[in-house]
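Undergrad: Let me give you the structure first, and then I'll get to my questions.
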Amino acid sequence: AQSVTQLGSHVSVSEGALVLLRCNYSSSVPPYLFWYVQYPNQGLQLLLKYTTGATLVKGINGFEAEFKKSETSFHLTKPSAHMSDAAEYFCAVSDSGYSTLTFGKGTMLLVSP
Amino acid sequence: SAVISQKPSRDICQRGTSLTIQCQVDSQVTMMFWYRQQPGQSLTLIATANQGSEATYESGFVIDKFPISRPNLTFSTLTVSNMSPEDSSIYLCSVLASQETQYFGPGTRLLVL
């Protein structure tokens, strides 16, 4: 069975500061990894994904994530936070591109001026 | 990507009644899914909606409570039956589109009184 752990239900940063949201997974097969963002009163929007190939993946809105197999991690980063980044972020894993997703509990990102 | 719409966007219902949620996608897709997001929680998969056959339910979810229809490759419905306040959640449909990625609808916000 797969599982996802997101460390920290809430992360607070100042505008302009580095954003780091942590995600660790467990999977018995090479994983497909995803980050989604949910803005208030909206559905989920795909930020980025890792399937195969380059382990550093870039997504929308300046976000990127690095797949580290040895650490079973897929942490999300952004060099400089904007107020508009305030939202809830979900990490998810699947064991192929055609199977269901297992989500982490989510991390709420708070950005202060 | 895929453009997904859901109806209704939100509703307030009385306990004991049923609500049918519609999910429409702008292109034909093989796999559609229904998720539940309880207040302050992550997403939990309810079922995979299969075109032309019964839905495949996850552990803890049953067809009598959450009947699903999938009449064609662009449309699905989820009914929440005999509702109780514990059913108050956001219900999201998703589709597996190209590039092995799930895309989500905007969600239906349900409050049961």
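Each chain of the structure tokens is named A, B, ... in the order shown, its residues numbered from 1; ligands are numbered from 1 in display order.
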Would you write out, as a tab-separated table, a table of all residues in chain A that have an atom no more than 12 Å from an atom of chain B, listing for each the closest atom pair and the distance in Å to one decimal, considering only C-alpha atoms and ordering rows by chain and rising residue number?

TA:
residue	atom	partner	partner_atom	distance
A:Val4	CA	B:Ser42	CA	11.0
A:Thr5	CA	B:Ser42	CA	11.4
A:Gln6	CA	B:Ser42	CA	10.9
A:Ser9	CA	B:Gly40	CA	10.1
A:His10	CA	B:Gly40	CA	11.7
A:Tyr32	CA	B:Glu100	CA	9.2
A:Leu33	CA	B:Thr101	CA	10.0
A:Phe34	CA	B:Thr101	CA	8.7
A:Trp35	CA	B:Thr101	CA	11.1
A:Tyr36	CA	B:Tyr103	CA	9.7
A:Val37	CA	B:Phe104	CA	10.9
A:Gln38	CA	B:Pro106	CA	9.6
A:Tyr39	CA	B:Pro106	CA	10.3
A:Pro40	CA	B:Pro106	CA	10.8
A:Asn41	CA	B:Pro106	CA	8.2
A:Gln42	CA	B:Pro106	CA	5.3
A:Gly43	CA	B:Pro106	CA	3.9
A:Leu44	CA	B:Phe104	CA	5.7
A:Gln45	CA	B:Phe104	CA	7.0
A:Leu46	CA	B:Tyr103	CA	7.1
A:Leu47	CA	B:Tyr103	CA	10.9
A:Leu48	CA	B:Thr101	CA	9.9
A:Lys49	CA	B:Thr101	CA	8.2
A:Tyr50	CA	B:Thr101	CA	10.2
A:Thr51	CA	B:Glu100	CA	8.6
A:Thr52	CA	B:Glu100	CA	11.5
A:Glu88	CA	B:Ser42	CA	10.1
A:Tyr89	CA	B:Ser42	CA	10.0
A:Phe90	CA	B:Ser42	CA	7.9
A:Cys91	CA	B:Ser42	CA	10.0
A:Ala92	CA	B:Leu43	CA	9.8
A:Val93	CA	B:Thr101	CA	11.1
A:Ser94	CA	B:Thr101	CA	10.1
A:Asp95	CA	B:Glu100	CA	11.1
A:Ser96	CA	B:Glu100	CA	8.0
A:Gly97	CA	B:Glu100	CA	4.3
A:Tyr98	CA	B:Glu100	CA	6.2
A:Ser99	CA	B:Glu100	CA	9.0
A:Thr100	CA	B:Leu45	CA	8.0
A:Leu101	CA	B:Leu45	CA	8.0
A:Thr102	CA	B:Thr44	CA	7.8
A:Phe103	CA	B:Leu43	CA	6.3
A:Gly104	CA	B:Ser42	CA	6.6
A:Lys105	CA	B:Ser42	CA	4.7
A:Gly106	CA	B:Ser42	CA	6.2
A:Thr107	CA	B:Ser42	CA	9.7
A:Met108	CA	B:Gly40	CA	10.2

Undergrad: Can you tell me, as number ranges by chain, what residues are no more than 10 Å from region 50-64 of chain B when counting only C-alpha atoms, ignoring any on the same chain fewer than 2 positions away?

TA: B: 29-34, 44-48, 66-76, 79-82

Undergrad: I'd like the interatomic distance between CA of Val13 (chain A) and CA of Tyr25 (chain A), to a tenth of an Å.

TA: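 These two atoms are separated by 24.2 Å.
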
Undergrad: Mind listing the strand (DSSP E or B) residues of region 6-90 of chain B, per DSSP on the backbone, as a PyMOL selection string?

TA: chain B and resi 6-7+10-13+19-25+31-37+43-49+56-57+68-72+75-80+89-90

Undergrad: Given the selection you just returned, output its residues as a file containing C-alpha atoms, formatted as a CSV table (one decimal), in the first residue's frame.

TA:
chain,number,residue,atom,x,y,z
B,6,GLN,CA,-19.7,20.1,-11.6
B,7,LYS,CA,-23.3,20.9,-10.7
B,10,ARG,CA,-22.9,24.0,-3.5
B,11,ASP,CA,-26.1,22.9,-1.7
B,12,ILE,CA,-27.7,22.8,1.7
B,13,CYS,CA,-29.8,19.7,2.3
B,19,LEU,CA,-28.5,14.8,-3.7
B,20,THR,CA,-27.2,14.0,-7.2
B,21,ILE,CA,-24.0,15.7,-8.3
B,22,GLN,CA,-23.2,15.9,-12.0
B,23,CYS,CA,-19.7,15.9,-13.5
B,24,GLN,CA,-19.1,16.9,-17.2
B,25,VAL,CA,-15.8,16.9,-19.0
B,31,MET,CA,-11.4,7.0,-16.3
B,32,MET,CA,-13.4,9.2,-14.0
B,33,PHE,CA,-13.2,9.3,-10.2
B,34,TRP,CA,-15.2,10.6,-7.3
B,35,TYR,CA,-13.5,11.9,-4.1
B,36,ARG,CA,-14.7,13.2,-0.8
B,37,GLN,CA,-13.0,15.9,1.2
B,43,LEU,CA,-9.1,13.8,-0.3
B,44,THR,CA,-10.5,10.2,0.0
B,45,LEU,CA,-11.4,8.2,-3.1
B,46,ILE,CA,-15.0,7.0,-3.1
B,47,ALA,CA,-15.0,5.1,-6.4
B,48,THR,CA,-13.9,4.8,-9.9
B,49,ALA,CA,-16.8,5.4,-12.4
B,56,THR,CA,-15.6,0.2,-8.4
B,57,TYR,CA,-15.9,1.3,-4.7
B,68,ILE,CA,-22.8,6.3,-9.4
B,69,SER,CA,-23.7,6.4,-13.1
B,70,ARG,CA,-21.4,6.7,-16.1
B,71,PRO,CA,-23.6,6.7,-19.2
B,72,ASN,CA,-20.9,7.9,-21.6
B,75,PHE,CA,-20.4,12.5,-18.0
B,76,SER,CA,-20.9,10.9,-14.6
B,77,THR,CA,-23.2,11.4,-11.6
B,78,LEU,CA,-22.7,10.7,-7.9
B,79,THR,CA,-25.7,10.5,-5.6
B,80,VAL,CA,-25.4,10.9,-1.9
B,89,SER,CA,-18.1,17.5,2.6
B,90,ILE,CA,-16.7,18.7,-0.7

Undergrad: Between CA of Ala1 (chain A) and CA of Arg22 (chain A), what distance in Å does the model show, to one decimal?

TA: 20.4 Å

Undergrad: Take CA of Thr77 (chain A) and CA of Gly62 (chain A) and report the distance between them in Å, one decimal.

TA: 8.6 Å

Undergrad: Would you kindly return, as number ranges by chain, each protein, DNA or RNA residue with an atom no farther than 8 Å from any atom of Ala65 (chain A), considering only C-alpha atoms and excluding same-chain residues fewer than 6 positions away?

TA: A: 48, 56-58, 74-77

Undergrad: Applying 12 Å and only C-alpha atoms, which residues near Ser112 (chain A) remain after dropping the ones on its own chain fewer than 2 positions away? List them as a PDB file with C-alpha atoms, in the first residue's frame.

TA:
ATOM      1  CA  VAL A  11       3.570  26.600   7.186  1.00  0.00           C
ATOM      2  CA  SER A  12       3.963  30.355   7.583  1.00  0.00           C
ATOM      3  CA  VAL A  13       6.382  32.456   5.554  1.00  0.00           C
ATOM      4  CA  SER A  14       6.884  36.126   4.856  1.00  0.00           C
ATOM      5  CA  GLU A  15       6.392  37.522   1.389  1.00  0.00           C
ATOM      6  CA  GLY A  16       9.651  37.112  -0.524  1.00  0.00           C
ATOM      7  CA  ALA A  17      10.906  34.263   1.635  1.00  0.00           C
ATOM      8  CA  ALA A  81       6.717  33.601  -1.806  1.00  0.00           C
ATOM      9  CA  HIS A  82       3.919  35.819  -3.064  1.00  0.00           C
ATOM     10  CA  MET A  83       0.745  36.671  -1.208  1.00  0.00           C
ATOM     11  CA  SER A  84      -1.161  34.873  -3.957  1.00  0.00           C
ATOM     12  CA  ASP A  85       0.561  31.595  -3.019  1.00  0.00           C
ATOM     13  CA  ALA A  86      -1.527  31.323   0.135  1.00  0.00           C
ATOM     14  CA  LEU A 109       0.645  27.828   3.328  1.00  0.00           C
ATOM     15  CA  LEU A 110       0.208  31.196   4.999  1.00  0.00           C
TER      16      LEU A 110
END

Undergrad: From the set B:Ser5, B:Ser18, B:Gln28, B:Gln38, which residue has the shortest atom-to-atom contact distance to Ser88 (chain B), counting only C-alpha atoms?

TA: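 Comparing B:Ser5, B:Ser18, B:Gln28, B:Gln38 against Ser88 (chain B), the winner is B:Gln38.
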
Undergrad: Which neighbours of Asp87 (chain B) fall inside 9 Å, counting only C-alpha atoms, when residues of the same chain fewer than 3 positions from it are skipped, and could you give them as a ChimeraX atom specification?

TA: /B:38,80,83-84,110-112

Undergrad: Let's have the selection written as a PDB file, in the first residue's frame, with N, CA and C atoms.

TA:
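Output file part_37.pdb is given in full below:
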ATOM      1  N   GLN B  38     -13.651  15.792   3.450  1.00  0.00           N
ATOM      2  CA  GLN B  38     -14.352  16.221   4.646  1.00  0.00           C
ATOM      3  C   GLN B  38     -13.684  17.465   5.230  1.00  0.00           C
ATOM      4  N   VAL B  80     -25.558  11.119  -3.287  1.00  0.00           N
ATOM      5  CA  VAL B  80     -25.357  10.914  -1.862  1.00  0.00           C
ATOM      6  C   VAL B  80     -26.741  10.653  -1.283  1.00  0.00           C
ATOM      7  N   MET B  83     -28.996  11.304   3.374  1.00  0.00           N
ATOM      8  CA  MET B  83     -27.892  12.089   3.940  1.00  0.00           C
ATOM      9  C   MET B  83     -28.029  12.338   5.423  1.00  0.00           C
ATOM     10  N   SER B  84     -26.896  12.424   6.073  1.00  0.00           N
ATOM     11  CA  SER B  84     -26.787  12.812   7.476  1.00  0.00           C
ATOM     12  C   SER B  84     -25.750  13.931   7.565  1.00  0.00           C
ATOM     13  N   LEU B 110     -21.252  20.512   0.004  1.00  0.00           N
ATOM     14  CA  LEU B 110     -22.516  20.023   0.533  1.00  0.00           C
ATOM     15  C   LEU B 110     -22.562  20.221   2.036  1.00  0.00           C
ATOM     16  N   LEU B 111     -23.660  20.813   2.488  1.00  0.00           N
ATOM     17  CA  LEU B 111     -23.919  20.961   3.915  1.00  0.00           C
ATOM     18  C   LEU B 111     -25.237  20.273   4.210  1.00  0.00           C
ATOM     19  N   VAL B 112     -25.210  19.355   5.149  1.00  0.00           N
ATOM     20  CA  VAL B 112     -26.416  18.616   5.525  1.00  0.00           C
ATOM     21  C   VAL B 112     -26.826  19.043   6.928  1.00  0.00           C
TER      22      VAL B 112
END
